[in-house]
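J.: The structure under discussion is supplied below as structure tokens; questions concerning it will follow.
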Amino acid sequence: MLTLNYKLINMLINSPEQMLEFWKKLSSEAKILLLEWDLWAGKTLLTKWFAKWLDIDPDIVQSPTYAYINIYDNKLLHIDMYRIDRYEDLIEKWIIDQINHFDCIVIEWPKFIEKLWLRNYFKVDIIKKSESKREVNIVKYYKK
């Protein structure tokens, strides 16, 4: 039986440059990211930085809001679950199958996480405080 453990990290980011430095550090540890925060707070930008860390051209990264999933260079799976209402939708749209084939995954608006059997992942929540300031809350989940 797997046991879910976690570690909580909270911080205040004061500039885009500081966010980039923070993200570089996080990217070296994270392979699966769950992103859930306000619209226009930077989910796609964060995904672009993750792609760059994987040697993927960040200019090709786009929000998968209407497509549900985007795949970049067969290295990164980018999922948007905002419009997914049922777990069965993940099966019918072959999203579950895709999750099982990728090591590096970004999921925006994550749902049904307990059914996805992710072993280790980071849940990132960013609260936009001002045009340049963000409060970042990260929970690192790992199963033993």
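Within each chain, counting starts at residue 1; across the structure tokens, chains are named A, B, ... in the order shown, with ligands numbered 1 upward in that order.
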Counting only C-alpha atoms, what is within 12 Å of Trp37 in chain A, bar same-chain residues fewer than 2 positions away, as number ranges by chain?
T.: A: 34-35, 39-44, 46, 82, 107-110, 123-128, 134-138
J.: Write the selection just made, keeping C-alpha atoms, as an mmCIF file, in the first residue's frame?
T.:
data_model
loop_
_atom_site.group_PDB
_atom_site.id
_atom_site.type_symbol
_atom_site.label_atom_id
_atom_site.label_comp_id
_atom_site.auth_asym_id
_atom_site.auth_seq_id
_atom_site.Cartn_x
_atom_site.Cartn_y
_atom_site.Cartn_z
ATOM 1 C CA LEU A 34 -0.406 20.493 -10.884
ATOM 2 C CA LEU A 35 -1.237 24.166 -11.440
ATOM 3 C CA LEU A 39 -6.812 33.189 -14.620
ATOM 4 C CA TRP A 40 -3.970 35.274 -16.074
ATOM 5 C CA ALA A 41 -1.682 34.558 -13.123
ATOM 6 C CA GLY A 42 0.976 32.782 -15.197
ATOM 7 C CA LYS A 43 0.169 29.058 -15.641
ATOM 8 C CA THR A 44 1.184 29.025 -19.305
ATOM 9 C CA LEU A 46 5.337 28.639 -15.923
ATOM 10 C CA TYR A 82 -10.910 23.064 -16.538
ATOM 11 C CA ILE A 107 -1.849 19.689 -15.407
ATOM 12 C CA GLU A 108 -3.805 22.946 -15.218
ATOM 13 C CA TRP A 109 -6.963 22.923 -13.082
ATOM 14 C CA PRO A 110 -6.266 19.368 -11.800
ATOM 15 C CA LYS A 123 0.795 21.071 -6.535
ATOM 16 C CA VAL A 124 1.496 24.750 -7.190
ATOM 17 C CA ASP A 125 -0.957 27.492 -6.235
ATOM 18 C CA ILE A 126 -0.123 31.082 -7.144
ATOM 19 C CA ILE A 127 -2.093 34.057 -5.879
ATOM 20 C CA LYS A 128 -1.664 37.291 -7.813
ATOM 21 C CA ARG A 134 2.825 36.590 -6.470
ATOM 22 C CA GLU A 135 2.292 34.456 -3.405
ATOM 23 C CA VAL A 136 3.443 30.915 -4.199
ATOM 24 C CA ASN A 137 2.269 27.878 -2.253
ATOM 25 C CA ILE A 138 3.699 24.501 -3.184
#
J.: I need the residues of range 2-141 of chain A that end up classed as helix (DSSP H, G or I) by DSSP on the backbone, written out as an NGL selection string.
T.: :A and (16-29 or 43-53 or 58-60 or 87-92 or 95-99 or 113-115)
J.: Just how far from CA of Ile32 in chain A is CA of Glu88 in chain A, in Å to one decimal?
T.: 21.6 Å
J.: Could you go through chain A and tell me which residues DSSP, when run on the backbone, assigns to strand (DSSP E or B), listing them as a PDB file with C-alpha atoms, in the first residue's frame?
T.:
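states.pdb, written as the output of this step:
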ATOM      1  CA  LEU A   4       0.979   9.789   0.574  1.00  0.00           C
ATOM      2  CA  ASN A   5       3.362  12.244   2.241  1.00  0.00           C
ATOM      3  CA  TYR A   6       3.819  15.940   1.599  1.00  0.00           C
ATOM      4  CA  LYS A   7       5.986  18.948   2.237  1.00  0.00           C
ATOM      5  CA  LEU A   8       4.610  22.511   2.164  1.00  0.00           C
ATOM      6  CA  ILE A   9       6.562  25.507   0.808  1.00  0.00           C
ATOM      7  CA  ASN A  10       5.271  29.103   0.960  1.00  0.00           C
ATOM      8  CA  MET A  11       6.987  32.177  -0.463  1.00  0.00           C
ATOM      9  CA  LEU A  12       6.413  35.647  -1.886  1.00  0.00           C
ATOM     10  CA  ILE A  13       7.791  36.385  -5.368  1.00  0.00           C
ATOM     11  CA  ILE A  32       4.832  16.458 -12.579  1.00  0.00           C
ATOM     12  CA  LEU A  33       3.195  19.802 -11.819  1.00  0.00           C
ATOM     13  CA  LEU A  34      -0.406  20.493 -10.884  1.00  0.00           C
ATOM     14  CA  LEU A  35      -1.237  24.166 -11.440  1.00  0.00           C
ATOM     15  CA  ILE A  69      -3.956  18.283 -24.129  1.00  0.00           C
ATOM     16  CA  ASN A  70      -0.848  19.500 -25.923  1.00  0.00           C
ATOM     17  CA  ILE A  71       2.276  17.429 -26.400  1.00  0.00           C
ATOM     18  CA  TYR A  72       5.610  19.149 -26.929  1.00  0.00           C
ATOM     19  CA  LEU A  76       6.114  17.171 -22.116  1.00  0.00           C
ATOM     20  CA  LEU A  77       2.397  16.516 -21.717  1.00  0.00           C
ATOM     21  CA  HIS A  78       0.358  19.673 -20.993  1.00  0.00           C
ATOM     22  CA  ILE A  79      -3.237  19.079 -19.838  1.00  0.00           C
ATOM     23  CA  ASP A  80      -6.062  21.501 -19.029  1.00  0.00           C
ATOM     24  CA  CYS A 104       7.032  15.182 -17.497  1.00  0.00           C
ATOM     25  CA  ILE A 105       3.485  16.455 -17.096  1.00  0.00           C
ATOM     26  CA  VAL A 106       1.820  19.792 -16.393  1.00  0.00           C
ATOM     27  CA  ILE A 107      -1.849  19.689 -15.407  1.00  0.00           C
ATOM     28  CA  GLU A 108      -3.805  22.946 -15.218  1.00  0.00           C
ATOM     29  CA  ASN A 120       5.414  12.140  -7.005  1.00  0.00           C
ATOM     30  CA  TYR A 121       4.138  15.560  -7.934  1.00  0.00           C
ATOM     31  CA  PHE A 122       4.077  19.210  -6.961  1.00  0.00           C
ATOM     32  CA  LYS A 123       0.795  21.071  -6.535  1.00  0.00           C
ATOM     33  CA  VAL A 124       1.496  24.750  -7.190  1.00  0.00           C
ATOM     34  CA  ASP A 125      -0.957  27.492  -6.235  1.00  0.00           C
ATOM     35  CA  ILE A 126      -0.123  31.082  -7.144  1.00  0.00           C
ATOM     36  CA  ILE A 127      -2.093  34.057  -5.879  1.00  0.00           C
ATOM     37  CA  LYS A 128      -1.664  37.291  -7.813  1.00  0.00           C
ATOM     38  CA  ARG A 134       2.825  36.590  -6.470  1.00  0.00           C
ATOM     39  CA  GLU A 135       2.292  34.456  -3.405  1.00  0.00           C
ATOM     40  CA  VAL A 136       3.443  30.915  -4.199  1.00  0.00           C
ATOM     41  CA  ASN A 137       2.269  27.878  -2.253  1.00  0.00           C
ATOM     42  CA  ILE A 138       3.699  24.501  -3.184  1.00  0.00           C
ATOM     43  CA  VAL A 139       2.861  21.131  -1.794  1.00  0.00           C
ATOM     44  CA  LYS A 140       5.286  18.393  -2.753  1.00  0.00           C
ATOM     45  CA  TYR A 141       3.513  15.026  -2.672  1.00  0.00           C
ATOM     46  CA  TYR A 142       5.402  11.786  -2.689  1.00  0.00           C
ATOM     47  CA  LYS A 143       4.282   8.228  -2.153  1.00  0.00           C
TER      48      LYS A 143
END
